[in-house]
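Asker: Have a look at the structure that comes next, please.
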Amino acid sequence: MNFLKSVALVGTIFLAGLSVSSQAAMIGVDNNFEDNGLTVLEYRSDGSIWEWLDLSVTNGISYNSLVADLNDDGRLNNSSSLLTTNSGALNDVLSLTPDLSSGWSTVANSDLAGLFGTFFGLTLAGDEQVTIGNGSSDLTEQFILAFGDTVHEASEDSGAIIFDINPNLPNIGETRGFTNNAVGNRGRFSSPFVLDGQTSFQISDNVTDILSFTGTNTAQFANATVGTWLVREVATIPTPSMLSLFALSFAALCIRRKKWFK
């Protein structure tokens, strides 16, 4: 095997590893979202990568106070005690690592229309309510688990208990959050949501799932089941595992090349 063939082999091994790594946690109708726990990466068609913060971090915090906190020092950290919320929700914010507390921006309904549309394979205007399958929709459950179940998180933050009439079913709940679209002149803002058909009081999973831009909530007050959609654009950075794979491949190539030139 000559040197050029070895280079090609190492490249193939590296790309194969990259492919396996990138597919490990991919979700959505076209597998272009990566669930990383507190954040979800969206690999967009224009080549950019957007990172979305899990709404379980911001649910129960008033929209106005959250925006004030971000504007204070560019971080979601309650640095000036501006957040209006309960102690459970506040702890979620204070638990963020420094790298997860900065760079976030609120979004418009049009941004969410792109997010929802790409995830579910729909064309959306950002002002409608549509059904997205029946209660067995795996995509609905994927979405809510990835972006944050604000209903169940609300019960955890407040210490309340949700009694599930049929615990054998995947009772997911909903993902609901504020955008920066004001609605009317009474301090209400749009709060789009994705709702799983099977809720805690239903014995079967046969209720239609809903995706909606018609919800609104008052921005001044904290609502336990409503978060705020936050996003930031990130660069493509190789994961530690991929860097290790590349380093090992390169080391093997160097050893082989050294043997050839002895």
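Following the order of the structure tokens, chains are lettered A, B, ..., residues in each are numbered from 1, and ligands are numbered from 1.
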Quick one: pick out all alpha helix (DSSP H) residues within region 16-225 of chain A from a backbone DSSP run and write them as a ChimeraX atom specification.

Answerer: /A:16-23,55-58,63-73,87-94,98-101,109-120,138-147,150-158

Asker: Which residues are close to Ile172 (chain A), i.e. within 10 Å by only C-alpha atoms, leaving aside same-chain residues fewer than 5 positions away? Reply as a PyMOL selection string.

Answerer: chain A and resi 140-145+148-152+195-200

Asker: Write out as a PDB file with C-alpha atoms, in the first residue's frame each polymer residue whose atoms come within 12 Å of region 59-61 of chain A, counting only C-alpha atoms; drop sequence neighbours fewer than 5 positions from it.

Answerer:
```pdb
ATOM      1  CA  LEU A  53     -32.186  26.239  24.833  1.00  0.00           C
ATOM      2  CA  ASP A  54     -34.484  23.688  26.467  1.00  0.00           C
ATOM      3  CA  LEU A  66     -36.157  37.285  31.281  1.00  0.00           C
ATOM      4  CA  VAL A  67     -35.495  39.867  28.564  1.00  0.00           C
ATOM      5  CA  ALA A  68     -34.388  42.358  31.223  1.00  0.00           C
ATOM      6  CA  ASP A  69     -31.971  39.786  32.663  1.00  0.00           C
ATOM      7  CA  LEU A  76     -29.250  34.428  31.632  1.00  0.00           C
ATOM      8  CA  ASN A  78     -30.340  36.693  37.378  1.00  0.00           C
ATOM      9  CA  LEU A  82     -34.484  40.764  37.840  1.00  0.00           C
ATOM     10  CA  LEU A  83     -36.174  37.416  37.181  1.00  0.00           C
ATOM     11  CA  THR A  84     -39.818  37.084  38.201  1.00  0.00           C
ATOM     12  CA  THR A  85     -40.338  33.400  38.946  1.00  0.00           C
ATOM     13  CA  ASN A  86     -40.562  30.694  41.605  1.00  0.00           C
ATOM     14  CA  SER A  87     -37.601  29.168  43.435  1.00  0.00           C
ATOM     15  CA  GLY A  88     -37.645  25.941  41.421  1.00  0.00           C
ATOM     16  CA  ALA A  89     -37.488  27.729  38.072  1.00  0.00           C
ATOM     17  CA  LEU A  90     -34.849  30.127  39.384  1.00  0.00           C
ATOM     18  CA  ASN A  91     -32.644  27.200  40.390  1.00  0.00           C
ATOM     19  CA  ASP A  92     -32.787  25.926  36.800  1.00  0.00           C
ATOM     20  CA  VAL A  93     -31.301  29.223  35.603  1.00  0.00           C
ATOM     21  CA  PHE A 147     -37.149  20.982  23.591  1.00  0.00           C
ATOM     22  CA  GLY A 148     -38.647  20.653  27.068  1.00  0.00           C
ATOM     23  CA  ASP A 149     -41.937  19.479  28.563  1.00  0.00           C
ATOM     24  CA  THR A 150     -43.093  22.693  30.214  1.00  0.00           C
ATOM     25  CA  VAL A 151     -46.159  21.054  31.790  1.00  0.00           C
ATOM     26  CA  HIS A 152     -44.300  18.400  33.760  1.00  0.00           C
ATOM     27  CA  GLU A 153     -41.403  20.753  34.480  1.00  0.00           C
ATOM     28  CA  ALA A 154     -43.908  23.161  36.030  1.00  0.00           C
ATOM     29  CA  SER A 155     -45.030  20.461  38.454  1.00  0.00           C
ATOM     30  CA  GLU A 156     -41.419  19.706  39.383  1.00  0.00           C
ATOM     31  CA  ASP A 157     -40.606  23.379  39.965  1.00  0.00           C
ATOM     32  CA  SER A 158     -43.662  23.858  42.179  1.00  0.00           C
ATOM     33  CA  GLU A 174     -46.467  20.068  25.814  1.00  0.00           C
ATOM     34  CA  THR A 175     -43.712  22.495  24.897  1.00  0.00           C
ATOM     35  CA  ARG A 176     -44.859  26.131  25.113  1.00  0.00           C
ATOM     36  CA  GLY A 177     -42.854  29.343  25.078  1.00  0.00           C
ATOM     37  CA  PHE A 178     -42.955  33.079  24.431  1.00  0.00           C
ATOM     38  CA  SER A 191     -46.666  31.680  23.019  1.00  0.00           C
ATOM     39  CA  ASN A 217     -49.825  34.935  27.507  1.00  0.00           C
ATOM     40  CA  THR A 218     -49.199  38.078  29.528  1.00  0.00           C
ATOM     41  CA  ALA A 219     -45.500  38.933  29.379  1.00  0.00           C
ATOM     42  CA  GLN A 220     -45.431  40.705  32.737  1.00  0.00           C
ATOM     43  CA  PHE A 221     -46.375  37.683  34.824  1.00  0.00           C
ATOM     44  CA  ALA A 222     -44.746  34.301  35.330  1.00  0.00           C
ATOM     45  CA  ASN A 223     -46.735  31.376  33.982  1.00  0.00           C
ATOM     46  CA  ALA A 224     -45.645  28.002  35.348  1.00  0.00           C
ATOM     47  CA  THR A 225     -46.172  26.132  32.063  1.00  0.00           C
ATOM     48  CA  VAL A 226     -44.743  28.746  29.666  1.00  0.00           C
ATOM     49  CA  GLY A 227     -41.056  29.293  28.935  1.00  0.00           C
ATOM     50  CA  THR A 228     -39.328  31.518  26.382  1.00  0.00           C
ATOM     51  CA  TRP A 229     -37.875  30.298  23.094  1.00  0.00           C
ATOM     52  CA  LEU A 230     -34.164  31.221  23.055  1.00  0.00           C
TER      53      LEU A 230
END
```

Asker: Skipping near chain neighbours, those fewer than 4 positions away, what residues fall within 12 Å of Gly126 (chain A) using only C-alpha atoms, listed as a list in words?

Answerer: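 Answer for this query is Val107, Ala108, Asn109, Ser110, Asp111, Leu112, Ala113, Gly114, Leu115, Phe116, Gly117, Leu122, Val130, Thr179, Asn181, Ser190, Ser191, Pro192, Phe193, Leu211, Ser212, Phe213, Thr214 and Gly215 of chain A.
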
Asker: Keeping N, CA and C atoms for every residue in the selection just given, could you write it to a file as a compact mmCIF listing (two decimals), in the first residue's frame?

Answerer:
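Output below, filename again_6.txt:
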```txt
# COMPACT_ATOMS: atom_id res chain seq x y z
N VAL A 107 -36.82 34.96 19.88
CA VAL A 107 -37.10 34.72 18.46
C VAL A 107 -38.50 35.22 18.11
N ALA A 108 -38.72 35.39 16.82
CA ALA A 108 -40.03 35.77 16.30
C ALA A 108 -40.80 34.52 15.89
N ASN A 109 -42.10 34.68 15.69
CA ASN A 109 -42.92 33.56 15.22
C ASN A 109 -42.39 32.99 13.91
N SER A 110 -41.86 33.85 13.06
CA SER A 110 -41.34 33.38 11.77
C SER A 110 -40.16 32.43 11.97
N ASP A 111 -39.33 32.69 12.99
CA ASP A 111 -38.22 31.78 13.28
C ASP A 111 -38.74 30.42 13.73
N LEU A 112 -39.77 30.45 14.57
CA LEU A 112 -40.35 29.19 15.04
C LEU A 112 -41.07 28.44 13.93
N ALA A 113 -41.65 29.19 12.99
CA ALA A 113 -42.29 28.54 11.85
C ALA A 113 -41.26 27.72 11.08
N GLY A 114 -40.04 28.28 10.97
CA GLY A 114 -38.97 27.53 10.32
C GLY A 114 -38.56 26.31 11.13
N LEU A 115 -38.45 26.49 12.45
CA LEU A 115 -38.07 25.37 13.33
C LEU A 115 -39.12 24.27 13.29
N PHE A 116 -40.38 24.62 13.54
CA PHE A 116 -41.45 23.63 13.54
C PHE A 116 -41.57 22.95 12.17
N GLY A 117 -41.51 23.78 11.12
CA GLY A 117 -41.67 23.24 9.78
C GLY A 117 -40.59 22.25 9.41
N LEU A 122 -43.22 20.37 7.54
CA LEU A 122 -44.40 21.16 7.17
C LEU A 122 -43.98 22.52 6.62
N VAL A 130 -52.30 23.69 13.49
CA VAL A 130 -52.45 22.52 12.64
C VAL A 130 -52.35 21.26 13.48
N THR A 179 -42.55 34.04 22.24
CA THR A 179 -41.71 34.65 21.22
C THR A 179 -41.72 36.16 21.48
N ASN A 181 -43.11 38.33 19.59
CA ASN A 181 -44.23 38.92 18.87
C ASN A 181 -45.30 39.40 19.84
N SER A 190 -47.12 36.36 21.92
CA SER A 190 -47.40 35.04 21.35
C SER A 190 -46.65 33.96 22.13
N SER A 191 -47.31 32.81 22.33
CA SER A 191 -46.67 31.68 23.02
C SER A 191 -46.97 30.38 22.27
N PRO A 192 -46.31 30.18 21.13
CA PRO A 192 -46.53 28.97 20.33
C PRO A 192 -46.22 27.70 21.11
N PHE A 193 -46.91 26.61 20.74
CA PHE A 193 -46.71 25.37 21.49
C PHE A 193 -46.90 24.14 20.61
N LEU A 211 -49.97 21.54 16.85
CA LEU A 211 -48.91 22.54 16.74
C LEU A 211 -49.62 23.87 16.51
N SER A 212 -49.36 24.86 17.36
CA SER A 212 -50.17 26.07 17.30
C SER A 212 -49.37 27.34 17.53
N PHE A 213 -49.74 28.38 16.77
CA PHE A 213 -49.21 29.72 16.96
C PHE A 213 -50.28 30.66 17.52
N THR A 214 -51.42 30.11 17.94
CA THR A 214 -52.54 30.95 18.35
C THR A 214 -52.53 31.28 19.84
N GLY A 215 -51.66 30.65 20.62
CA GLY A 215 -51.62 30.91 22.05
C GLY A 215 -50.98 32.24 22.39
```

Asker: Report as a PDB file with C-alpha atoms, in the first residue's frame all protein, DNA and RNA residues lying within 12 Å of Gly37 (chain A), evaluated on only C-alpha atoms, omitting residues in the same chain fewer than 2 positions from it.

Answerer:
```pdb
ATOM      1  CA  ALA A  25     -28.589  11.615  18.598  1.00  0.00           C
ATOM      2  CA  GLU A  34     -29.311  16.875  17.608  1.00  0.00           C
ATOM      3  CA  ASP A  35     -30.586  16.564  21.172  1.00  0.00           C
ATOM      4  CA  THR A  39     -29.751  22.302  24.157  1.00  0.00           C
ATOM      5  CA  VAL A  40     -30.782  21.145  20.697  1.00  0.00           C
ATOM      6  CA  LEU A  41     -28.636  21.809  17.629  1.00  0.00           C
ATOM      7  CA  GLU A  51     -28.657  26.068  19.130  1.00  0.00           C
ATOM      8  CA  TRP A  52     -31.949  26.128  21.038  1.00  0.00           C
ATOM      9  CA  LEU A  53     -32.186  26.239  24.833  1.00  0.00           C
ATOM     10  CA  ASP A  54     -34.484  23.688  26.467  1.00  0.00           C
ATOM     11  CA  LEU A  55     -37.686  25.424  27.593  1.00  0.00           C
ATOM     12  CA  SER A  56     -37.570  23.557  30.896  1.00  0.00           C
ATOM     13  CA  VAL A  57     -34.892  26.112  31.854  1.00  0.00           C
ATOM     14  CA  LEU A 100     -24.781  27.915  28.552  1.00  0.00           C
ATOM     15  CA  LEU A 145     -38.712  15.530  25.080  1.00  0.00           C
ATOM     16  CA  ALA A 146     -35.933  17.388  23.234  1.00  0.00           C
ATOM     17  CA  PHE A 147     -37.149  20.982  23.591  1.00  0.00           C
ATOM     18  CA  GLY A 148     -38.647  20.653  27.068  1.00  0.00           C
TER      19      GLY A 148
END
```
